[in-house]
file coords_4.tsv (TSV, C-alpha atoms)
chain	number	residue	atom	x	y	z
A	214	MET	CA	0.00	0.00	0.00
A	215	ASP	CA	1.44	3.35	-1.04
A	216	LEU	CA	0.60	6.12	1.40
A	217	GLY	CA	2.96	8.56	-0.24
A	218	THR	CA	5.56	8.32	2.49
A	219	PRO	CA	7.54	5.62	4.31
A	220	ILE	CA	5.50	3.65	6.82
A	221	LEU	CA	7.06	3.16	10.25
A	222	ASP	CA	4.40	1.47	12.37
A	223	VAL	CA	1.01	-0.08	11.78
A	224	SER	CA	-1.22	-1.67	14.36
A	225	THR	CA	-4.78	-2.80	14.13
A	226	THR	CA	-7.58	-4.07	16.29
A	227	SER	CA	-11.19	-5.02	15.82
A	228	VAL	CA	-14.08	-3.41	17.63
A	229	SER	CA	-17.37	-5.19	18.09
A	230	ALA	CA	-20.71	-3.51	18.53
A	231	SER	CA	-21.90	-6.36	20.74
A	232	GLY	CA	-20.92	-7.18	24.28
A	233	SER	CA	-20.83	-5.15	27.44
A	234	ALA	CA	-19.25	-1.75	27.64
A	235	SER	CA	-17.22	-2.97	30.59
A	236	SER	CA	-15.64	-5.86	28.71
A	237	THR	CA	-11.95	-5.62	27.95
A	238	PRO	CA	-11.30	-4.42	24.40
A	239	ALA	CA	-9.29	-6.56	22.03
A	240	ALA	CA	-5.58	-5.88	22.14
A	241	ALA	CA	-4.00	-4.13	19.18
A	242	VAL	CA	-1.94	-6.32	16.87
A	243	SER	CA	1.26	-4.83	15.51
A	244	ILE	CA	1.74	-5.48	11.81
A	245	VAL	CA	4.58	-3.11	11.10
A	246	SER	CA	6.99	-2.11	13.80
A	247	GLY	CA	9.98	0.14	13.25
A	248	GLY	CA	9.64	-0.24	9.49
A	249	THR	CA	9.59	-4.05	9.57
A	250	VAL	CA	6.59	-6.15	8.64
A	251	SER	CA	6.31	-9.26	10.73
A	252	ALA	CA	3.83	-12.08	11.09
A	253	PRO	CA	4.01	-15.48	12.80
A	254	GLY	CA	5.48	-18.09	10.47
A	255	TYR	CA	6.92	-15.61	8.00
A	256	SER	CA	10.28	-13.98	7.71
A	257	PRO	CA	10.26	-10.27	8.60
A	258	ILE	CA	10.34	-7.89	5.66
A	259	ILE	CA	11.92	-4.47	5.92
A	260	ILE	CA	9.83	-1.85	4.16
A	261	THR	CA	11.46	1.22	5.72
A	262	ARG	CA	15.01	1.50	6.93
A	263	THR	CA	15.13	2.63	10.55
A	264	VAL	CA	17.59	2.40	13.43
A	265	THR	CA	15.86	-0.76	14.59
A	266	ASN	CA	16.41	-2.73	11.39
A	267	ASP	CA	19.45	-1.14	9.80
A	268	ALA	CA	22.87	-1.63	11.41
A	269	ALA	CA	24.44	1.36	9.69
A	270	MET	CA	21.70	3.73	10.84
A	271	ALA	CA	21.84	2.29	14.35
A	272	ALA	CA	25.61	2.80	14.50
A	273	ALA	CA	25.26	6.38	13.27
A	274	ALA	CA	22.57	7.10	15.86
A	275	ALA	CA	24.68	5.57	18.61
A	276	ALA	CA	27.68	7.65	17.56
A	277	THR	CA	25.59	10.79	17.63
A	278	ALA	CA	24.26	9.96	21.08
A	279	THR	CA	27.76	9.25	22.40
A	280	ALA	CA	29.11	12.50	20.99
A	281	SER	CA	26.28	14.39	22.59
A	282	ALA	CA	26.90	12.80	25.99
A	283	THR	CA	30.65	13.48	25.77
A	284	ALA	CA	30.08	17.09	24.89
A	285	GLN	CA	27.86	17.48	27.95
A	286	THR	CA	30.53	16.03	30.25
A	287	ASN	CA	33.34	18.17	28.91
A	288	ALA	CA	31.31	21.31	28.96
A	289	ALA	CA	30.26	21.29	32.58
A	290	TYR	CA	30.90	24.99	32.55
A	291	SER	CA	29.46	26.87	29.64
A	292	THR	CA	31.09	30.22	29.00
A	293	THR	CA	29.18	32.97	27.31
A	294	THR	CA	31.25	35.38	25.27
A	295	SER	CA	30.43	38.63	23.62
A	296	GLY	CA	32.84	40.35	21.25
A	297	GLY	CA	35.65	38.09	22.33
A	298	THR	CA	35.17	38.94	26.00
A	299	SER	CA	33.85	36.44	28.50
A	300	THR	CA	30.63	37.73	29.97
A	301	GLY	CA	29.54	34.89	32.18
A	302	THR	CA	29.81	31.26	33.08
A	303	THR	CA	26.93	28.89	33.54
A	304	TYR	CA	27.29	25.61	35.34
A	305	VAL	CA	25.73	22.71	33.49
A	306	SER	CA	24.70	20.22	36.10
A	307	THR	CA	25.72	16.62	35.51
A	308	ASP	CA	25.38	15.31	39.04
A	309	ARG	CA	21.69	15.70	39.67
A	310	ASP	CA	18.73	13.44	39.16
A	311	GLY	CA	15.83	14.13	36.89
A	312	GLY	CA	15.45	14.82	33.22
A	313	ALA	CA	15.98	18.55	33.70
A	314	SER	CA	18.59	18.08	36.42
A	315	TYR	CA	16.44	19.91	38.90
A	316	ASP	CA	16.34	17.15	41.49
A	317	VAL	CA	18.67	16.52	44.43
A	318	ILE	CA	22.38	16.13	43.97
A	319	THR	CA	23.24	12.45	43.96
A	320	THR	CA	27.01	12.62	43.62
A	321	ASN	CA	29.69	15.10	44.54
A	322	GLY	CA	33.03	14.15	43.07
A	323	GLY	CA	32.28	10.51	43.57
A	324	SER	CA	30.92	10.93	47.10
A	325	ASN	CA	27.35	11.10	48.22
A	326	PHE	CA	25.83	14.48	48.73
A	327	ALA	CA	26.89	15.79	52.15
A	328	PRO	CA	25.81	19.36	52.63
A	329	ASN	CA	27.77	21.46	55.12
A	330	VAL	CA	24.68	22.81	56.80
A	331	GLN	CA	23.87	23.13	60.47
A	332	VAL	CA	20.30	23.29	61.58
A	333	VAL	CA	19.77	25.53	64.61
A	334	VAL	CA	16.51	25.36	66.49
A	335	LYS	CA	15.79	28.48	68.48
A	336	LYS	CA	13.83	27.64	71.58
B	103	MET	CA	-33.14	12.61	29.72
B	104	PHE	CA	-30.70	9.95	28.76
B	105	GLU	CA	-30.42	6.27	29.42
B	106	SER	CA	-28.43	3.18	28.64
B	107	GLU	CA	-29.90	0.87	26.03
B	108	ASP	CA	-27.43	-1.90	26.76
B	109	GLU	CA	-28.63	-5.27	27.95
B	110	ASP	CA	-26.96	-4.68	31.29
B	111	THR	CA	-28.71	-1.37	31.91
B	112	GLU	CA	-30.05	-2.60	35.28
B	113	ASP	CA	-27.04	-4.63	36.31
B	114	ARG	CA	-24.03	-2.53	35.46
B	115	SER	CA	-23.63	0.84	37.06
B	116	MET	CA	-22.17	3.86	35.29
B	117	GLN	CA	-23.41	6.29	37.90
B	118	PRO	CA	-23.08	8.88	39.17
B	119	VAL	CA	-23.04	10.93	36.03
B	120	TYR	CA	-21.94	14.54	36.29
B	121	ILE	CA	-23.48	17.06	33.96
B	122	SER	CA	-21.75	20.41	33.87
B	123	LEU	CA	-22.12	23.55	31.83
B	124	ASN	CA	-18.95	24.64	30.08
B	125	GLY	CA	-17.60	27.92	31.39
B	126	THR	CA	-19.55	27.80	34.63
B	127	LYS	CA	-19.37	26.04	37.96
B	128	MET	CA	-22.72	24.41	37.41
B	129	ALA	CA	-22.42	20.68	37.99
B	130	ASN	CA	-25.24	18.28	38.70
B	131	LYS	CA	-24.65	14.79	39.96
B	132	LEU	CA	-27.16	12.30	38.60
B	133	ASN	CA	-27.74	8.87	40.05
B	134	SER	CA	-29.45	5.84	38.59
B	135	MET	CA	-33.04	5.12	39.44
B	136	MET	CA	-33.48	2.37	41.98
B	137	ASP	CA	-35.93	-0.39	41.33
B	138	HIS	CA	-38.24	-1.02	44.30
B	139	VAL	CA	-37.92	-4.75	44.04
B	140	TRP	CA	-37.36	-7.15	46.89
B	141	ASP	CA	-35.14	-10.17	46.68
B	142	GLY	CA	-36.49	-12.20	49.58
B	143	PHE	CA	-35.63	-10.32	52.72
B	144	TYR	CA	-33.31	-7.88	50.96
B	145	SER	CA	-33.99	-5.01	48.63
B	146	GLY	CA	-33.05	-5.59	45.01
B	147	GLN	CA	-29.79	-4.32	43.66
B	148	LYS	CA	-31.05	-3.46	40.19
B	149	ARG	CA	-30.76	0.15	39.18
B	150	LEU	CA	-32.09	1.35	35.88
B	151	SER	CA	-29.45	3.46	34.16
B	152	ARG	CA	-31.82	6.29	33.25
B	153	PHE	CA	-30.92	9.86	34.13
B	154	PRO	CA	-33.34	12.75	33.99
B	155	GLY	CA	-31.39	15.98	34.21
B	156	LEU	CA	-32.71	19.50	34.65
B	157	ILE	CA	-30.79	21.95	32.49
B	158	ASP	CA	-31.02	25.33	30.87
B	159	GLY	CA	-31.33	24.63	27.16
B	160	ASN	CA	-30.05	27.98	26.08
B	161	GLN	CA	-27.66	26.65	23.42
B	162	GLY	CA	-25.03	25.92	26.01
B	163	VAL	CA	-22.34	23.26	25.91
B	164	TYR	CA	-22.70	20.56	28.54
B	165	ASN	CA	-20.17	17.94	29.54
B	166	LEU	CA	-21.33	14.53	30.60
B	167	THR	CA	-18.87	12.69	32.80
B	168	PHE	CA	-19.60	9.08	33.52
B	169	THR	CA	-17.89	7.62	36.55
B	170	GLY	CA	-18.31	4.11	35.12
B	171	SER	CA	-17.73	2.91	31.58
B	172	PRO	CA	-20.34	4.69	29.44
B	173	ALA	CA	-22.93	2.39	27.93
B	174	LYS	CA	-22.34	1.29	24.37
B	175	LYS	CA	-25.84	2.27	23.37
B	176	LEU	CA	-27.30	5.48	24.73
B	177	ARG	CA	-30.54	7.31	24.09
B	178	PHE	CA	-30.92	11.04	24.56
B	179	THR	CA	-34.05	13.13	24.39
B	180	TYR	CA	-34.73	16.74	25.27
B	181	MET	CA	-38.13	17.96	26.41
B	182	SER	CA	-38.80	21.63	26.94
B	183	GLN	CA	-41.52	24.26	26.74
B	184	ASN	CA	-39.00	26.36	24.86
B	185	LYS	CA	-39.48	25.37	21.23
B	186	THR	CA	-36.11	26.81	20.23
B	187	GLY	CA	-34.13	25.33	23.09
B	188	GLY	CA	-31.11	23.19	22.50
B	189	MET	CA	-27.65	22.27	23.71
B	190	THR	CA	-24.39	20.69	22.66
B	191	LEU	CA	-23.52	17.63	24.68
B	192	ARG	CA	-20.01	16.29	25.07
B	193	ILE	CA	-19.18	12.80	26.28
B	194	ALA	CA	-15.61	11.91	27.17
B	195	TYR	CA	-15.06	8.24	26.42
B	196	PRO	CA	-12.24	6.23	27.94
B	197	SER	CA	-11.19	4.82	24.57
B	198	ALA	CA	-11.55	5.40	20.85
B	199	VAL	CA	-14.39	3.04	20.08
B	200	SER	CA	-16.31	3.40	16.84
B	201	ARG	CA	-19.73	5.00	17.31
B	202	SER	CA	-22.57	6.35	15.24
B	203	LEU	CA	-25.35	8.79	15.98
B	204	VAL	CA	-28.79	7.72	14.79
B	205	LYS	CA	-31.79	9.98	14.46
B	206	ASP	CA	-35.16	8.82	13.16
B	207	GLY	CA	-33.58	5.53	12.19
B	208	LYS	CA	-30.93	7.13	10.03
B	209	LYS	CA	-27.27	7.49	10.75
B	210	VAL	CA	-26.01	11.06	10.94
B	211	GLU	CA	-22.42	11.35	9.78
B	212	TYR	CA	-19.76	13.36	11.56
B	213	ASN	CA	-19.25	16.96	10.50
B	214	GLN	CA	-16.89	17.53	7.60
B	215	TRP	CA	-13.23	17.14	8.48
B	216	ASN	CA	-11.58	20.51	8.89
B	217	GLU	CA	-8.05	20.53	7.48
B	218	THR	CA	-7.23	23.76	9.30
B	219	ILE	CA	-7.91	22.60	12.82
B	220	HIS	CA	-6.92	19.00	12.00
B	221	MET	CA	-10.12	17.52	13.35
B	222	TYR	CA	-13.79	17.29	12.49
B	223	GLY	CA	-15.56	20.63	12.16
B	224	ALA	CA	-17.02	22.19	15.30
B	225	ILE	CA	-20.67	21.77	16.22
B	226	THR	CA	-22.58	24.72	14.78
B	227	GLN	CA	-25.93	23.81	16.41
B	228	THR	CA	-27.71	23.92	13.07
B	229	PHE	CA	-29.69	20.69	13.33
B	230	CYS	CA	-30.44	18.02	15.87
B	231	GLY	CA	-27.98	15.16	15.65
B	232	GLU	CA	-25.12	17.21	14.27
B	233	ASN	CA	-22.08	15.47	15.67
B	234	ARG	CA	-18.37	15.04	15.57
B	235	TYR	CA	-15.68	13.02	17.23
B	236	VAL	CA	-12.65	14.71	18.73
B	237	GLY	CA	-9.76	12.31	18.45
B	238	VAL	CA	-6.95	11.76	20.96
B	239	VAL	CA	-9.10	13.09	23.83
B	240	ASN	CA	-11.95	10.79	22.71
B	241	ILE	CA	-14.80	13.23	23.08
B	242	PHE	CA	-18.03	12.68	21.20
B	243	GLU	CA	-20.07	15.85	20.68
B	244	PHE	CA	-23.57	16.29	19.35
B	245	TYR	CA	-26.38	18.80	19.25
B	246	LEU	CA	-29.78	18.11	20.75
B	247	ASN	CA	-32.79	20.39	20.55
B	248	THR	CA	-36.36	20.43	21.80
B	249	GLY	CA	-38.40	17.35	20.99
B	250	CYS	CA	-35.49	15.53	19.43
B	251	THR	CA	-34.38	12.00	20.29
B	252	ILE	CA	-31.09	10.54	19.21
B	253	HIS	CA	-29.31	7.26	19.80
B	254	ILE	CA	-25.60	6.64	20.08
B	255	ILE	CA	-24.73	3.15	18.97
B	256	PRO	CA	-21.49	1.26	18.55
B	257	ARG	CA	-20.53	-0.20	15.22
B	258	ASP	CA	-18.32	-3.03	14.10
B	259	ALA	CA	-15.06	-1.69	12.82
B	260	ILE	CA	-11.42	-2.45	12.26
B	261	GLN	CA	-9.36	0.22	13.92
B	262	SER	CA	-5.89	0.88	12.65
B	263	LEU	CA	-3.06	3.20	13.50
B	264	VAL	CA	-0.37	4.14	11.03
B	265	ARG	CA	2.80	6.03	11.85
B	266	MET	CA	4.54	7.55	8.87
B	267	GLU	CA	7.80	9.37	8.29
B	268	TRP	CA	6.17	12.67	7.57
B	269	THR	CA	5.49	16.00	9.17
B	270	MET	CA	2.02	17.27	9.94
B	271	SER	CA	2.37	20.16	7.50
B	272	SER	CA	3.63	17.92	4.70
B	273	PHE	CA	0.78	15.51	5.26
B	274	PHE	CA	-1.88	18.18	4.92
B	275	ALA	CA	-0.01	19.87	2.07
B	276	ASN	CA	-0.20	16.61	0.14
B	277	GLY	CA	-3.91	16.07	0.29
B	278	GLY	CA	-4.34	15.42	3.98
B	279	THR	CA	-6.99	13.02	5.15
B	280	THR	CA	-8.80	12.91	1.81
B	281	SER	CA	-5.72	11.72	-0.03
B	282	PHE	CA	-4.92	9.31	2.79
B	283	MET	CA	-8.38	7.74	2.67
B	284	ASP	CA	-8.18	7.42	-1.10
B	285	ARG	CA	-4.83	5.69	-0.87
B	286	VAL	CA	-5.99	3.26	1.82
B	287	ALA	CA	-9.21	2.56	-0.06
B	288	GLY	CA	-7.25	1.97	-3.26
B	289	GLY	CA	-4.82	-0.32	-1.50
B	290	LEU	CA	-7.51	-2.38	0.19
B	291	GLY	CA	-9.95	-2.33	-2.71
B	292	ILE	CA	-12.79	-0.88	-0.65
B	293	HIS	CA	-14.92	2.22	-0.93
B	294	ALA	CA	-13.45	5.35	0.63
B	295	SER	CA	-16.72	6.04	2.43
B	296	THR	CA	-16.07	3.07	4.71
B	297	ILE	CA	-12.91	4.67	6.06
B	298	LYS	CA	-13.27	7.13	8.91
B	299	ILE	CA	-10.41	9.22	10.21
B	300	VAL	CA	-10.36	9.17	13.99
B	301	SER	CA	-7.43	11.45	14.68
B	302	VAL	CA	-4.23	12.85	13.21
B	303	TYR	CA	-1.38	13.85	15.43
B	304	GLU	CA	2.35	14.35	15.40
B	305	GLY	CA	5.03	11.85	16.23
B	306	SER	CA	6.31	11.54	13.39
B	307	LEU	CA	2.86	11.60	11.87
B	308	VAL	CA	0.22	9.28	13.23
B	309	VAL	CA	-3.14	8.69	11.58
B	310	ASN	CA	-5.73	6.78	13.52
B	311	TYR	CA	-8.52	5.50	11.30
B	312	GLU	CA	-11.16	2.82	11.16
B	313	VAL	CA	-12.74	0.71	8.48
B	314	THR	CA	-16.44	0.02	8.88
B	315	SER	CA	-18.81	-2.23	7.04
B	316	ALA	CA	-20.23	-0.75	3.87
B	317	THR	CA	-23.53	-2.51	4.48
B	318	GLY	CA	-23.72	-1.65	8.17
B	319	ASN	CA	-27.28	-0.75	8.95
B	320	ALA	CA	-27.84	1.21	12.11
B	321	VAL	CA	-31.62	1.18	11.80
B	322	GLU	CA	-32.06	-2.20	13.43
B	323	LEU	CA	-30.32	-1.03	16.59
B	324	ALA	CA	-32.20	2.23	16.98
call {"tool": "encode", "arguments": {"input": "coords_4.tsv", "output": "structure tokens"}}
result
Amino acid sequence: MDLGTPILDVSTTSVSASGSASSTPAAAVSIVSGGTVSAPGYSPIIITRTVTNDAAMAAAAAATATASATAQTNAAYSTTTSGGTSTGTTYVSTDRDGGASYDVITTNGGSNFAPNVQVVVKK
Amino acid sequence: MFESEDEDTEDRSMQPVYISLNGTKMANKLNSMMDHVWDGFYSGQKRLSRFPGLIDGNQGVYNLTFTGSPAKKLRFTYMSQNKTGGMTLRIAYPSAVSRSLVKDGKKVEYNQWNETIHMYGAITQTFCGENRYVGVVNIFEFYLNTGCTIHIIPRDAIQSLVRMEWTMSSFFANGGTTSFMDRVAGGLGIHASTIKIVSVYEGSLVVNYEVTSATGNAVELA
């Protein structure tokens, strides 16, 4: 089937008008996944090259991901320059949890987070 | 007034049902009617899933929120002294199940797909039974006016989801849903009218559609 563009995923399921509304719907069956058509008893057929079915594309994607991670580690401090003069330095956190690195610090130079804070309770 | 037309209308509970007016804090909680039947020493547990609601039919938009799975078959009717009264009703379904709206024994199709807003055209409140399905959020909307009765019925369908290497803008620039339906119909050797677009969304580009029976007759269920 030509849809005018490469197909990546196709899944299908049947819906019946009969039965109770509380009954569990039929699970979707994947026909194409990651550009590969597969069915029980048949050899998979690649219809679209993706990182999941093409070794060269997977290697390229992995290399890109590695380069990105390395760049983040080396550039813990990001320096902003204007007209050749440094105008500020921003710390890029790499030791915090969370996707946006807004969570607690989990490591501090290889050690656990140990804040130098004293709590004083005034009675 | 609306009620379940499923076989389990007395046995399965979808109550309470909240009916709220969009843009206001108005919210009524409706409970099923209880049957005054006795099962030996105990009162019966059957509750008819029929809900009379008191509303202001001043062309408002009301949301119906079922706290149980909504019935597959529902009947709605609106009775009012106001001959020009009406309202748009919105039902949020938990899943994208294929449904039809039937009025006077005839199926009323969704509004025309709007390529600008990437969904079916909004309800304009021009005639009773005007309806559309809002994909992704699975909201079924329809217009009901004084003296009108409509039925919402499920239909047999094959639901399919296709993800393509395309952008949303490219998809609509190349014919959009019309071209997509033509291509699928051509590939499957079926009539394009049996293909209904459910939703189109990004990621790369995902089209959710369903194939229904060309001979499906909703009259027998109404």
call {"tool": "closest_residue", "arguments": {"input": "coords_4.tsv", "among": "A:Ala234, A:Met214, A:Val332, A:Leu221", "to": "Tyr195 (chain B)", "atoms": "only C-alpha atoms"}}
result
A:Ala234
call {"tool": "residues_around", "arguments": {"input": "coords_4.tsv", "residues": "Val238 (chain B)", "least_positions_apart": "3", "cutoff": "10 Å", "atoms": "only C-alpha atoms", "output": "VMD selection string"}}
result
chain B and resid 197 to 198 235 241 300 to 303 310
call {"tool": "interface_residues", "arguments": {"input": "coords_4.tsv", "of": "chain A", "to": "chain B", "cutoff": "9 Å", "atoms": "all atoms listed in the file", "output": "list of chain:residue names"}}
result
A:Met214, A:Asp215, A:Leu216, A:Gly217, A:Thr218, A:Pro219, A:Ile220, A:Leu221, A:Asp222, A:Val223, A:Ser224, A:Thr225, A:Thr226, A:Ser227, A:Val228, A:Ser229, A:Ala230, A:Ser231, A:Gly232, A:Ser233, A:Ala234, A:Ser235, A:Ala241, A:Val245
call {"tool": "atom_distance", "arguments": {"input": "coords_4.tsv", "atom1": "CA of Arg149 (chain B)", "atom2": "CA of Glu112 (chain B)"}}
result
4.8 Å
call {"tool": "closest_residue", "arguments": {"input": "coords_4.tsv", "among": "B:Ala194, B:Leu246, B:Val239, B:Ile219", "to": "Gly162 (chain B)", "atoms": "only C-alpha atoms"}}
result
B:Leu246
call {"tool": "atom_distance", "arguments": {"input": "coords_4.tsv", "atom1": "CA of Thr263 (chain A)", "atom2": "CA of Thr249 (chain A)"}}
result
8.7 Å
call {"tool": "build_atoms", "arguments": {"input": "coords_4.tsv", "residues": "region 189-215 of chain B", "atoms": "N, CA and C atoms", "output": "JSON list (two decimals), keeping the file's coordinate frame"}}
result
[["chain", "number", "residue", "atom", "x", "y", "z"],
["B", 189, "MET", "N", -28.95, 22.27, 23.04],
["B", 189, "MET", "CA", -27.65, 22.27, 23.71],
["B", 189, "MET", "C", -26.70, 21.34, 22.96],
["B", 190, "THR", "N", -25.42, 21.61, 23.14],
["B", 190, "THR", "CA", -24.39, 20.69, 22.66],
["B", 190, "THR", "C", -23.95, 19.84, 23.84],
["B", 191, "LEU", "N", -23.94, 18.54, 23.63],
["B", 191, "LEU", "CA", -23.52, 17.63, 24.68],
["B", 191, "LEU", "C", -22.19, 17.01, 24.31],
["B", 192, "ARG", "N", -21.33, 16.88, 25.29],
["B", 192, "ARG", "CA", -20.01, 16.29, 25.07],
["B", 192, "ARG", "C", -19.83, 15.12, 26.02],
["B", 193, "ILE", "N", -19.43, 13.98, 25.46],
["B", 193, "ILE", "CA", -19.18, 12.80, 26.28],
["B", 193, "ILE", "C", -17.72, 12.40, 26.11],
["B", 194, "ALA", "N", -17.02, 12.34, 27.21],
["B", 194, "ALA", "CA", -15.61, 11.91, 27.17],
["B", 194, "ALA", "C", -15.58, 10.40, 27.37],
["B", 195, "TYR", "N", -15.14, 9.70, 26.34],
["B", 195, "TYR", "CA", -15.06, 8.24, 26.42],
["B", 195, "TYR", "C", -13.66, 7.82, 26.84],
["B", 196, "PRO", "N", -13.56, 6.68, 27.50],
["B", 196, "PRO", "CA", -12.24, 6.23, 27.94],
["B", 196, "PRO", "C", -11.38, 5.69, 26.81],
["B", 197, "SER", "N", -11.98, 5.37, 25.67],
["B", 197, "SER", "CA", -11.19, 4.82, 24.57],
["B", 197, "SER", "C", -11.84, 5.21, 23.25],
["B", 198, "ALA", "N", -11.07, 5.03, 22.19],
["B", 198, "ALA", "CA", -11.55, 5.40, 20.85],
["B", 198, "ALA", "C", -12.31, 4.24, 20.23],
["B", 199, "VAL", "N", -13.54, 4.08, 20.63],
["B", 199, "VAL", "CA", -14.39, 3.04, 20.08],
["B", 199, "VAL", "C", -15.30, 3.65, 19.03],
["B", 200, "SER", "N", -15.53, 2.89, 17.95],
["B", 200, "SER", "CA", -16.31, 3.40, 16.84],
["B", 200, "SER", "C", -17.79, 3.56, 17.21],
["B", 201, "ARG", "N", -18.34, 4.74, 16.96],
["B", 201, "ARG", "CA", -19.73, 5.00, 17.31],
["B", 201, "ARG", "C", -20.44, 5.75, 16.20],
["B", 202, "SER", "N", -21.75, 5.61, 16.19],
["B", 202, "SER", "CA", -22.57, 6.35, 15.24],
["B", 202, "SER", "C", -23.70, 7.03, 15.99],
["B", 203, "LEU", "N", -24.17, 8.13, 15.44],
["B", 203, "LEU", "CA", -25.35, 8.79, 15.98],
["B", 203, "LEU", "C", -26.51, 8.51, 15.03],
["B", 204, "VAL", "N", -27.62, 8.07, 15.59],
["B", 204, "VAL", "CA", -28.79, 7.72, 14.79],
["B", 204, "VAL", "C", -29.96, 8.59, 15.21],
["B", 205, "LYS", "N", -30.59, 9.19, 14.20],
["B", 205, "LYS", "CA", -31.79, 9.98, 14.46],
["B", 205, "LYS", "C", -32.87, 9.55, 13.48],
["B", 206, "ASP", "N", -34.04, 9.29, 13.99],
["B", 206, "ASP", "CA", -35.16, 8.82, 13.16],
["B", 206, "ASP", "C", -34.76, 7.62, 12.31],
["B", 207, "GLY", "N", -33.97, 6.75, 12.89],
["B", 207, "GLY", "CA", -33.58, 5.53, 12.19],
["B", 207, "GLY", "C", -32.50, 5.70, 11.15],
["B", 208, "LYS", "N", -31.97, 6.89, 11.04],
["B", 208, "LYS", "CA", -30.93, 7.13, 10.03],
["B", 208, "LYS", "C", -29.65, 7.61, 10.70],
["B", 209, "LYS", "N", -28.56, 7.10, 10.19],
["B", 209, "LYS", "CA", -27.27, 7.49, 10.75],
["B", 209, "LYS", "C", -26.90, 8.90, 10.30],
["B", 210, "VAL", "N", -26.47, 9.70, 11.24],
["B", 210, "VAL", "CA", -26.01, 11.06, 10.94],
["B", 210, "VAL", "C", -24.48, 11.05, 10.98],
["B", 211, "GLU", "N", -23.87, 11.40, 9.87],
["B", 211, "GLU", "CA", -22.42, 11.35, 9.78],
["B", 211, "GLU", "C", -21.79, 12.48, 10.60],
["B", 212, "TYR", "N", -20.51, 12.30, 10.90],
["B", 212, "TYR", "CA", -19.76, 13.36, 11.56],
["B", 212, "TYR", "C", -19.77, 14.61, 10.68],
["B", 213, "ASN", "N", -19.48, 15.74, 11.28],
["B", 213, "ASN", "CA", -19.25, 16.96, 10.50],
["B", 213, "ASN", "C", -18.07, 16.76, 9.55],
["B", 214, "GLN", "N", -18.01, 17.60, 8.55],
["B", 214, "GLN", "CA", -16.89, 17.53, 7.60],
["B", 214, "GLN", "C", -15.56, 17.73, 8.31],
["B", 215, "TRP", "N", -14.57, 16.97, 7.90],
["B", 215, "TRP", "CA", -13.23, 17.14, 8.48],
["B", 215, "TRP", "C", -12.69, 18.52, 8.13]]
